[in-house]
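Listing of final03.tsv, TSV, C-alpha atoms and all ligand atoms
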```tsv
chain	number	residue	atom	x	y	z
A	8	MET	CA	28.86	168.32	-20.08
A	9	VAL	CA	27.83	164.90	-21.34
A	10	ILE	CA	28.66	162.06	-19.03
A	11	VAL	CA	26.15	159.66	-20.38
A	12	ASP	CA	25.61	158.80	-24.00
A	13	ARG	CA	22.53	156.69	-23.66
A	14	LYS	CA	19.25	156.22	-25.44
A	15	GLY	CA	17.75	159.69	-25.75
A	16	PRO	CA	14.52	160.99	-27.22
A	17	GLU	CA	15.45	159.47	-30.61
A	18	ALA	CA	14.91	156.04	-29.10
A	19	MET	CA	11.33	156.98	-28.34
A	20	ASN	CA	10.71	157.76	-32.00
A	21	ASN	CA	12.32	154.55	-33.10
A	22	PRO	CA	10.20	151.52	-32.20
A	23	GLN	CA	13.13	149.16	-32.65
A	24	GLU	CA	15.18	151.08	-30.08
A	25	ALA	CA	12.24	151.22	-27.70
A	26	ARG	CA	11.72	147.46	-28.06
A	27	LYS	CA	15.27	146.86	-26.84
A	28	GLU	CA	14.18	147.74	-23.29
A	29	GLN	CA	14.80	144.82	-20.95
A	30	PRO	CA	11.97	143.17	-19.05
A	31	SER	CA	11.99	144.55	-15.53
A	32	THR	CA	11.28	143.43	-11.97
A	33	TYR	CA	9.29	146.61	-11.32
A	34	PHE	CA	5.87	146.02	-9.77
A	35	VAL	CA	4.26	147.92	-12.62
A	36	GLN	CA	4.85	145.62	-15.52
A	37	ASP	CA	3.65	147.92	-18.28
A	38	ARG	CA	6.02	150.80	-17.66
A	39	ASP	CA	4.63	152.91	-20.48
A	40	ASN	CA	1.23	152.90	-18.82
A	41	GLN	CA	-0.06	156.49	-18.64
A	42	SER	CA	-1.63	155.88	-15.22
A	43	GLU	CA	1.72	154.86	-13.78
A	44	PHE	CA	3.24	157.95	-15.19
A	45	ASP	CA	0.52	160.10	-13.56
A	46	ARG	CA	0.79	158.16	-10.31
A	47	LEU	CA	4.53	158.78	-10.02
A	48	ARG	CA	4.13	162.51	-10.58
A	49	VAL	CA	1.49	162.75	-7.85
A	50	GLN	CA	3.42	160.51	-5.47
A	51	ASP	CA	6.71	162.32	-5.94
A	52	GLN	CA	5.27	165.70	-4.95
A	53	MET	CA	3.21	164.28	-2.12
A	54	VAL	CA	6.19	162.49	-0.57
A	55	THR	CA	8.76	165.25	-1.06
A	56	ARG	CA	6.40	167.80	0.44
A	57	GLY	CA	5.45	165.49	3.30
A	58	MET	CA	9.12	164.96	4.15
A	59	GLY	CA	9.74	168.68	4.27
A	60	GLY	CA	11.77	168.94	1.08
A	61	ILE	CA	14.25	167.10	-1.09
A	62	LEU	CA	17.17	166.67	1.30
A	63	PRO	CA	15.69	167.67	4.66
A	64	GLU	CA	18.29	165.84	6.74
A	65	GLN	CA	21.39	167.07	4.89
A	66	PRO	CA	23.06	170.08	6.55
A	67	ASN	CA	24.71	171.66	3.47
A	68	PRO	CA	23.18	170.50	0.17
A	69	GLU	CA	24.49	173.66	-1.56
A	70	LYS	CA	28.01	172.30	-1.13
A	71	LEU	CA	27.29	169.20	-3.23
A	72	ARG	CA	28.76	169.22	-6.74
A	73	ARG	CA	27.29	166.21	-8.53
A	74	ILE	CA	24.13	164.25	-7.68
A	75	LEU	CA	22.76	160.98	-9.04
A	76	ASP	CA	19.15	159.84	-8.58
A	77	VAL	CA	18.67	156.13	-9.29
A	78	GLY	CA	15.21	155.01	-10.43
A	79	CYS	CA	14.33	158.71	-10.87
A	80	GLY	CA	10.91	158.15	-12.49
A	81	THR	CA	9.55	161.38	-13.97
A	82	GLY	CA	12.48	163.30	-12.48
A	83	GLY	CA	10.52	165.42	-9.99
A	84	TRP	CA	12.94	165.00	-7.09
A	85	LEU	CA	16.03	165.74	-9.20
A	86	LEU	CA	14.49	168.76	-10.93
A	87	GLU	CA	13.41	170.25	-7.62
A	88	THR	CA	16.95	169.70	-6.34
A	89	ALA	CA	18.35	171.52	-9.37
A	90	ARG	CA	15.97	174.45	-8.89
A	91	THR	CA	16.52	174.69	-5.13
A	92	TYR	CA	20.32	174.50	-5.24
A	93	PRO	CA	21.69	176.35	-8.28
A	94	THR	CA	25.23	175.74	-6.98
A	95	ILE	CA	25.01	172.01	-7.69
A	96	GLU	CA	26.84	171.63	-11.01
A	97	THR	CA	25.62	168.31	-12.37
A	98	LEU	CA	22.47	166.30	-11.63
A	99	ILE	CA	21.85	162.98	-13.37
A	100	GLY	CA	18.77	160.81	-13.16
A	101	VAL	CA	18.68	157.21	-14.37
A	102	ASP	CA	15.64	155.01	-14.89
A	103	ILE	CA	14.75	151.95	-16.92
A	104	SER	CA	11.72	153.61	-18.51
A	105	ALA	CA	12.34	155.64	-21.66
A	106	LYS	CA	8.93	157.26	-21.35
A	107	MET	CA	9.60	158.60	-17.85
A	108	LEU	CA	12.95	159.96	-19.01
A	109	GLU	CA	11.52	161.63	-22.07
A	110	PHE	CA	9.09	163.54	-19.87
A	111	ALA	CA	11.84	164.36	-17.36
A	112	ARG	CA	14.06	165.81	-20.12
A	113	GLU	CA	11.24	168.02	-21.38
A	114	GLN	CA	10.64	169.26	-17.84
A	115	ALA	CA	14.33	170.06	-17.40
A	116	GLN	CA	14.23	172.25	-20.51
A	117	GLN	CA	10.98	173.94	-19.51
A	118	GLN	CA	12.24	174.66	-16.01
A	119	GLY	CA	15.46	176.18	-17.31
A	120	VAL	CA	17.78	173.64	-15.68
A	121	GLY	CA	18.55	171.63	-18.83
A	122	THR	CA	22.23	172.60	-18.88
A	123	ARG	CA	22.88	171.04	-15.47
A	124	VAL	CA	20.44	168.12	-15.53
A	125	GLU	CA	20.72	164.92	-17.59
A	126	PHE	CA	18.62	161.80	-17.76
A	127	ALA	CA	19.85	158.43	-18.95
A	128	GLN	CA	18.22	155.08	-19.50
A	129	MET	CA	19.93	152.50	-17.33
A	130	ASP	CA	19.08	149.24	-15.59
A	131	ALA	CA	20.07	149.68	-11.95
A	132	LEU	CA	20.20	145.92	-11.47
A	133	ARG	CA	23.31	145.96	-13.66
A	134	MET	CA	26.37	148.18	-13.36
A	135	LEU	CA	25.79	151.90	-13.08
A	136	GLU	CA	27.64	153.30	-16.06
A	137	PHE	CA	29.55	156.05	-14.30
A	138	PRO	CA	33.15	156.44	-13.18
A	139	THR	CA	34.07	155.34	-9.67
A	140	GLY	CA	33.79	158.14	-7.13
A	141	TYR	CA	32.05	160.52	-9.54
A	142	PHE	CA	29.12	161.81	-7.43
A	143	SER	CA	28.97	163.77	-4.16
A	144	LEU	CA	25.57	162.29	-3.29
A	145	VAL	CA	23.67	159.32	-4.69
A	146	ASN	CA	19.97	159.06	-3.93
A	147	ALA	CA	17.51	156.19	-4.43
A	148	ARG	CA	13.87	156.35	-3.31
A	149	PHE	CA	11.39	153.47	-3.30
A	150	SER	CA	13.82	150.98	-4.82
A	151	ILE	CA	11.82	148.18	-3.14
A	152	SER	CA	9.51	148.55	-6.12
A	153	TYR	CA	12.03	146.78	-8.37
A	154	LEU	CA	14.73	145.27	-6.12
A	155	ARG	CA	14.43	141.74	-4.82
A	156	THR	CA	16.01	141.07	-1.40
A	157	TRP	CA	19.02	139.45	-3.10
A	158	ASP	CA	19.59	142.46	-5.38
A	159	TRP	CA	20.41	144.85	-2.53
A	160	PRO	CA	24.09	144.00	-1.89
A	161	LYS	CA	25.15	144.61	-5.50
A	162	PHE	CA	22.84	147.62	-5.82
A	163	VAL	CA	24.23	149.32	-2.69
A	164	SER	CA	27.78	148.44	-3.66
A	165	GLU	CA	27.25	150.16	-7.02
A	166	LEU	CA	25.75	153.24	-5.33
A	167	ALA	CA	28.79	153.37	-3.02
A	168	ARG	CA	31.21	152.81	-5.90
A	169	VAL	CA	29.98	155.77	-7.94
A	170	THR	CA	29.93	158.03	-4.84
A	171	ARG	CA	33.22	159.78	-4.03
A	172	ALA	CA	34.95	158.71	-0.80
A	173	GLY	CA	33.38	160.89	1.88
A	174	GLY	CA	30.25	161.51	-0.23
A	175	ILE	CA	26.72	160.50	0.75
A	176	VAL	CA	24.73	157.38	-0.15
A	177	ARG	CA	21.06	157.99	0.65
A	178	LEU	CA	18.09	155.59	0.59
A	179	THR	CA	14.42	156.24	1.30
A	180	GLU	CA	11.86	153.44	1.61
A	181	CYS	CA	8.28	153.17	2.84
A	182	GLY	CA	5.95	150.87	4.72
A	183	ARG	CA	2.33	149.96	3.99
A	184	LEU	CA	-0.26	152.49	2.92
A	185	GLY	CA	-2.48	152.96	5.96
A	186	GLY	CA	-5.66	154.66	7.10
A	187	ASP	CA	-9.02	153.72	8.51
A	188	SER	CA	-10.37	151.80	5.51
A	189	GLU	CA	-11.06	148.08	5.61
A	190	ALA	CA	-10.88	147.80	1.84
A	191	LEU	CA	-7.52	149.60	1.72
A	192	PHE	CA	-6.26	147.25	4.42
A	193	SER	CA	-7.27	144.20	2.34
A	194	LEU	CA	-5.84	145.52	-0.92
A	195	ASP	CA	-2.61	146.58	0.69
A	196	LYS	CA	-2.26	143.20	2.41
A	197	LEU	CA	-2.62	141.57	-0.99
A	198	LEU	CA	0.06	143.82	-2.47
A	199	LEU	CA	2.42	143.11	0.42
A	200	GLN	CA	1.93	139.38	-0.12
A	201	ALA	CA	2.66	139.78	-3.84
A	202	PHE	CA	5.81	141.72	-2.97
A	203	PHE	CA	6.87	138.93	-0.62
A	204	ASN	CA	6.11	136.20	-3.15
A	205	ALA	CA	8.08	138.10	-5.81
A	206	GLY	CA	11.06	138.37	-3.45
A	207	HIS	CA	10.96	142.11	-2.68
A	208	VAL	CA	10.12	141.78	1.04
A	209	PHE	CA	12.39	140.07	3.57
A	210	VAL	CA	9.77	138.74	6.02
A	211	GLU	CA	6.29	137.54	5.06
A	212	GLY	CA	3.56	139.94	6.21
A	213	ASP	CA	6.09	142.48	7.57
A	214	ASP	CA	6.10	145.78	5.70
A	215	THR	CA	8.97	147.07	7.86
A	216	SER	CA	11.35	144.24	7.02
A	217	LEU	CA	13.30	146.29	4.48
A	218	MET	CA	13.28	149.48	6.54
A	219	VAL	CA	14.85	147.74	9.55
A	220	ARG	CA	17.60	146.27	7.36
A	221	MET	CA	18.56	149.47	5.54
A	222	PRO	CA	21.39	150.47	7.89
A	223	GLU	CA	22.90	146.99	7.67
A	224	LEU	CA	22.55	146.90	3.88
A	225	LEU	CA	24.62	150.08	3.73
A	226	SER	CA	27.19	149.12	6.37
A	227	ARG	CA	27.89	145.74	4.73
A	228	GLN	CA	29.12	147.62	1.64
A	229	GLY	CA	31.46	149.77	3.72
A	230	VAL	CA	29.21	152.82	4.07
A	231	TYR	CA	29.77	154.36	7.51
A	232	ASN	CA	28.45	157.16	9.79
A	233	ILE	CA	25.02	155.71	9.09
A	234	GLN	CA	22.05	157.75	10.25
A	235	THR	CA	18.32	157.25	10.12
A	236	ARG	CA	15.33	159.57	9.98
A	237	ASP	CA	11.75	158.30	10.25
A	238	TYR	CA	8.60	159.97	9.01
A	239	GLU	CA	4.92	159.34	9.81
A	240	LEU	CA	3.10	161.22	7.07
A	241	ARG	CA	-0.61	162.01	7.41
A	242	PHE	CA	-2.94	162.81	4.53
A	243	PRO	CA	-6.37	163.99	5.76
A	244	ALA	CA	-9.29	163.68	3.30
A	245	GLY	CA	-10.44	166.99	1.88
A	246	THR	CA	-6.93	168.50	1.81
A	247	PRO	CA	-4.70	168.65	-1.28
A	248	GLU	CA	-2.44	166.07	0.43
A	249	GLY	CA	-5.42	163.78	1.05
A	250	GLU	CA	-6.44	164.10	-2.60
A	251	SER	CA	-2.92	163.15	-3.73
A	252	TYR	CA	-2.93	160.14	-1.43
A	253	ARG	CA	-6.23	158.96	-2.87
A	254	GLU	CA	-4.99	159.52	-6.44
A	255	ASP	CA	-1.90	157.46	-5.65
A	256	LEU	CA	-4.15	154.61	-4.44
A	257	ARG	CA	-6.59	155.00	-7.33
A	258	TYR	CA	-3.82	154.59	-9.90
A	259	GLY	CA	-1.70	152.23	-7.83
A	260	PHE	CA	-4.28	149.46	-7.41
A	261	ARG	CA	-4.96	149.55	-11.15
A	262	VAL	CA	-1.41	149.57	-12.51
A	263	SER	CA	-0.27	146.81	-10.12
A	264	LEU	CA	-2.98	144.38	-11.31
A	265	PRO	CA	-0.73	142.32	-13.65
A	266	PHE	CA	1.84	142.02	-10.84
A	267	LEU	CA	-0.84	140.93	-8.38
A	268	ARG	CA	-2.19	138.41	-10.89
A	269	LYS	CA	1.26	136.95	-11.41
A	270	TRP	CA	2.43	136.75	-7.79
A	271	VAL	CA	-0.59	136.27	-5.56
A	272	GLY	CA	-3.77	136.00	-7.63
A	273	VAL	CA	-6.58	138.52	-7.76
A	274	PRO	CA	-9.68	137.72	-5.67
A	275	LYS	CA	-13.06	137.64	-7.43
A	276	ASP	CA	-14.28	140.63	-5.42
A	277	TYR	CA	-11.25	142.77	-6.32
A	278	GLU	CA	-13.30	145.35	-8.24
A	279	GLN	CA	-15.75	145.63	-5.36
A	280	LEU	CA	-12.89	146.09	-2.87
A	281	TYR	CA	-11.35	148.69	-5.15
A	282	GLN	CA	-14.59	150.71	-5.32
A	283	GLN	CA	-15.08	150.34	-1.56
A	284	MET	CA	-11.53	151.61	-1.01
A	285	LEU	CA	-12.29	154.69	-3.14
A	286	GLU	CA	-15.44	155.37	-1.11
A	287	GLU	CA	-13.82	154.85	2.28
A	288	THR	CA	-10.81	157.00	1.49
A	289	ALA	CA	-13.10	159.86	0.37
A	290	ARG	CA	-14.89	160.01	3.75
A	291	GLN	CA	-14.43	163.25	5.64
A	292	ASP	CA	-12.78	161.60	8.61
A	293	PHE	CA	-10.35	159.47	6.59
A	294	VAL	CA	-6.67	160.15	7.21
A	295	GLY	CA	-4.16	158.37	4.96
A	296	ARG	CA	-0.88	157.34	6.56
A	297	LEU	CA	2.53	156.49	5.24
A	298	ARG	CA	5.66	155.56	7.17
A	299	LEU	CA	8.95	156.44	5.54
A	300	ARG	CA	12.55	155.92	6.52
A	301	THR	CA	15.59	157.70	5.11
A	302	VAL	CA	18.95	156.08	5.85
A	303	TRP	CA	22.17	157.73	4.73
A	304	GLY	CA	25.86	157.35	5.32
A	305	THR	CA	29.35	158.18	4.09
A	306	ALA	CA	30.85	156.33	1.15
A	307	PRO	CA	34.16	154.58	1.86
A	308	THR	CA	37.51	154.89	0.13
A	309	HIS	CA	37.41	152.91	-3.08
A	310	ARG	CA	39.14	149.57	-3.21
A	311	LYS	CA	38.94	146.98	-5.95
A	312	THR	CA	36.75	144.64	-3.93
A	313	GLN	CA	33.56	142.82	-4.83
A	314	HIS	CA	30.32	143.65	-3.08
A	315	VAL	CA	29.72	141.75	0.16
A	316	VAL	CA	26.70	139.46	0.00
A	401	LIG	C1	8.34	153.71	-7.37
A	401	LIG	S1	9.13	154.53	-8.69
A	401	LIG	C2	10.04	155.77	-7.79
A	401	LIG	C3	10.42	156.95	-8.61
A	401	LIG	C4	11.22	158.01	-7.83
A	401	LIG	N1	12.44	157.46	-7.28
A	401	LIG	C5	10.41	158.62	-6.71
A	401	LIG	O1	10.70	158.38	-5.56
A	401	LIG	O2	9.48	159.36	-7.03
A	401	LIG	C6	10.40	153.43	-9.19
A	401	LIG	C7	11.09	153.81	-10.48
A	401	LIG	O3	12.09	152.83	-10.74
A	401	LIG	C8	12.14	152.58	-12.13
A	401	LIG	N2	12.75	151.26	-12.34
A	401	LIG	C9	12.18	150.04	-12.29
A	401	LIG	N3	13.08	149.07	-12.51
A	401	LIG	C10	14.27	149.70	-12.70
A	401	LIG	C11	15.59	149.25	-12.98
A	401	LIG	N4	15.87	147.94	-13.08
A	401	LIG	N5	16.56	150.16	-13.14
A	401	LIG	C12	16.30	151.49	-13.05
A	401	LIG	N6	15.06	151.98	-12.77
A	401	LIG	C13	14.07	151.10	-12.59
A	401	LIG	C14	10.70	152.67	-12.58
A	401	LIG	O4	10.60	152.91	-13.98
A	401	LIG	C15	10.20	153.82	-11.72
A	401	LIG	O5	10.35	155.04	-12.39
```
Any chance you could give the structure as structure tokens?
Amino acid sequence: MVIVDRKGPEAMNNPQEARKEQPSTYFVQDRDNQSEFDRLRVQDQMVTRGMGGILPEQPNPEKLRRILDVGCGTGGWLLETARTYPTIETLIGVDISAKMLEFAREQAQQQGVGTRVEFAQMDALRMLEFPTGYFSLVNARFSISYLRTWDWPKFVSELARVTRAGGIVRLTECGRLGGDSEALFSLDKLLLQAFFNAGHVFVEGDDTSLMVRMPELLSRQGVYNIQTRDYELRFPAGTPEGESYREDLRYGFRVSLPFLRKWVGVPKDYEQLYQQMLEETARQDFVGRLRLRTVWGTAPTHRKTQHVV
């Protein structure tokens, strides 16, 4: 089964192919950065575990036939889905980063799911290169990291287009990284401001402004039966979850530096704040917090209409 004939591992060995990658709106500007790669692996496991699994709200995932994960990163979510539900026939992950995909492909082979799982390089801000109505479920997690507020209508309309009528379109997004640390509060406020200035956040200073709009973003593209599930994840210091949370922060506030520089400016005491954040989040009584929202709904019958802005 080959649905996608996209840049594969050969592209990674061919600098000219690799150079053809488009500039992206992702908040990590150097997408081949090893720290970003490590951060995504840690974050993926931490979030999936915290939510209670890959599709905790779906009653019958084993009945799904084909799944797409958009902005799949290192492929952790998709690979776990493939391992957990052997009845799912085809699982495809798309991402703009060739390096993430190369790793994901290797993992698929190593985990013995390579015959059912494919990864393709694709820019989700453009058309998704799949037939209309192809997938039973289309998933996208943390798309705020590369979508500007004005990108959502076309993005959701593409997710709905490639989902079969009656299939599921599923989004998961998060709020600010919280916990009792003054330095974390300051750094995260800076990041939220950069996200707003870059156009990724709907309301200045409001980290929930995307989460509250998710149902409407889906319904405007004809998705119906929309449902919401909220999560308040906790990551106490000294536990494996707490360690993952701190790792996520440790990498995150390094790899986002060029984005911060570009969109908000980096204060002179940034390094000091960063070190303080590492100290405060290592304290015994520190508990990291993360709010998440999953919104999902049923894809409509396909008509030849444009997305609704
Ligand atoms: C925050 S990560 C989330 C990864 C994964 N969905 C997860 O939840 O673990 C966002 C991913 O989107 C990818 N990305 C950024 N811009 C993109 C674009 N225009 N099209 C497709 N993927 C993109 C990045 O390379 C990165 O892997």
List all protein, DNA and RNA residues that have an atom no more than 6 Å from any atom of ligand LIG 401 (chain A), counting only C-alpha atoms and all ligand atoms, and report them as a PDB file with C-alpha atoms, in the coordinates of the input.
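What ended up in part21.pdb:
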```
ATOM      1  CA  SER A  31      11.990 144.550 -15.530  1.00  0.00           C
ATOM      2  CA  THR A  32      11.280 143.430 -11.970  1.00  0.00           C
ATOM      3  CA  TYR A  33       9.290 146.610 -11.320  1.00  0.00           C
ATOM      4  CA  LEU A  47       4.530 158.780 -10.020  1.00  0.00           C
ATOM      5  CA  ASP A  51       6.710 162.320  -5.940  1.00  0.00           C
ATOM      6  CA  GLY A  78      15.210 155.010 -10.430  1.00  0.00           C
ATOM      7  CA  CYS A  79      14.330 158.710 -10.870  1.00  0.00           C
ATOM      8  CA  GLY A  80      10.910 158.150 -12.490  1.00  0.00           C
ATOM      9  CA  ASP A 102      15.640 155.010 -14.890  1.00  0.00           C
ATOM     10  CA  ILE A 103      14.750 151.950 -16.920  1.00  0.00           C
ATOM     11  CA  SER A 104      11.720 153.610 -18.510  1.00  0.00           C
ATOM     12  CA  MET A 129      19.930 152.500 -17.330  1.00  0.00           C
ATOM     13  CA  ASP A 130      19.080 149.240 -15.590  1.00  0.00           C
ATOM     14  CA  ALA A 131      20.070 149.680 -11.950  1.00  0.00           C
ATOM     15  CA  LEU A 132      20.200 145.920 -11.470  1.00  0.00           C
ATOM     16  CA  ALA A 147      17.510 156.190  -4.430  1.00  0.00           C
ATOM     17  CA  ARG A 148      13.870 156.350  -3.310  1.00  0.00           C
ATOM     18  CA  PHE A 149      11.390 153.470  -3.300  1.00  0.00           C
ATOM     19  CA  SER A 152       9.510 148.550  -6.120  1.00  0.00           C
ATOM     20  CA  TYR A 153      12.030 146.780  -8.370  1.00  0.00           C
TER      21      TYR A 153
END
```
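By chain and then residue number, the residues within 8 Å of range 109-115 of chain A are A:Gly15, A:Pro16, A:Met19, A:Gly80, A:Thr81, A:Gly82, A:Gly83, A:Leu86, A:Ala105, A:Lys106, A:Gln118, A:Gly119, A:Val120, A:Gly121, A:Val124, A:Glu125, A:Phe126, counting all atoms listed in the file and disregarding those fewer than 3 positions away in sequence.
Counting only C-alpha atoms and comparing A:Leu184, A:Ile95, A:Leu135, A:Leu178, the residue that lies closest to Met218 in chain A is A:Leu178.
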Quick check, in Å to one decimal: how far apart do CA of Leu166 in chain A and CA of Phe34 in chain A lie?
21.6 Å
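Applying the 12 Å criterion to (-0.5, 144.0, -12.0) in file coordinates and using all atoms listed in the file, one obtains the residues A:Thr32, A:Tyr33, A:Phe34, A:Val35, A:Gln36, A:Asp37, A:Arg38, A:Asn40, A:Glu43, A:Leu197, A:Leu198, A:Ala201, A:Phe202, A:Tyr258, A:Gly259, A:Phe260, A:Arg261, A:Val262, A:Ser263, A:Leu264, A:Pro265, A:Phe266, A:Leu267, A:Arg268, A:Lys269, A:Trp270, A:Val271, A:Gly272, A:Val273.
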Please determine an axis-aligned box that encloses all atoms of range 300-312 of chain A listed in the file, with 8 Å added on each side, and express its centre and edge lengths in Å to one decimal as lines of an AutoDock Vina configuration file.
```
center_x = 25.8
center_y = 151.4
center_z = 0.3
size_x = 42.6
size_y = 29.5
size_z = 28.5
```
Range 287-294 of chain A environment, 6 Å, all atoms listed in the file, sequence neighbours closer than 2 positions dropped, as an MDAnalysis selection string:
chainID A and resid 186 188 242:244 284:285
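Residue nearest Thr97 in chain A within the list A:Asn67, A:Thr170, A:Ser143, A:Thr301: A:Ser143 [criterion: smallest interatomic distance, all atoms listed in the file].
In this structure, CA of Leu71 in chain A sits 14.1 Å away from CA of Ala306 in chain A.
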Report, in Å with one decimal, the straight-line distance from CA of Arg236 in chain A to CA of Val302 in chain A.
6.5 Å
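The nearest approach to Leu225 in chain A among the residues A:Arg241, A:Arg298, A:His314, A:Arg46, with all atoms listed in the file taken into account, belongs to A:His314.
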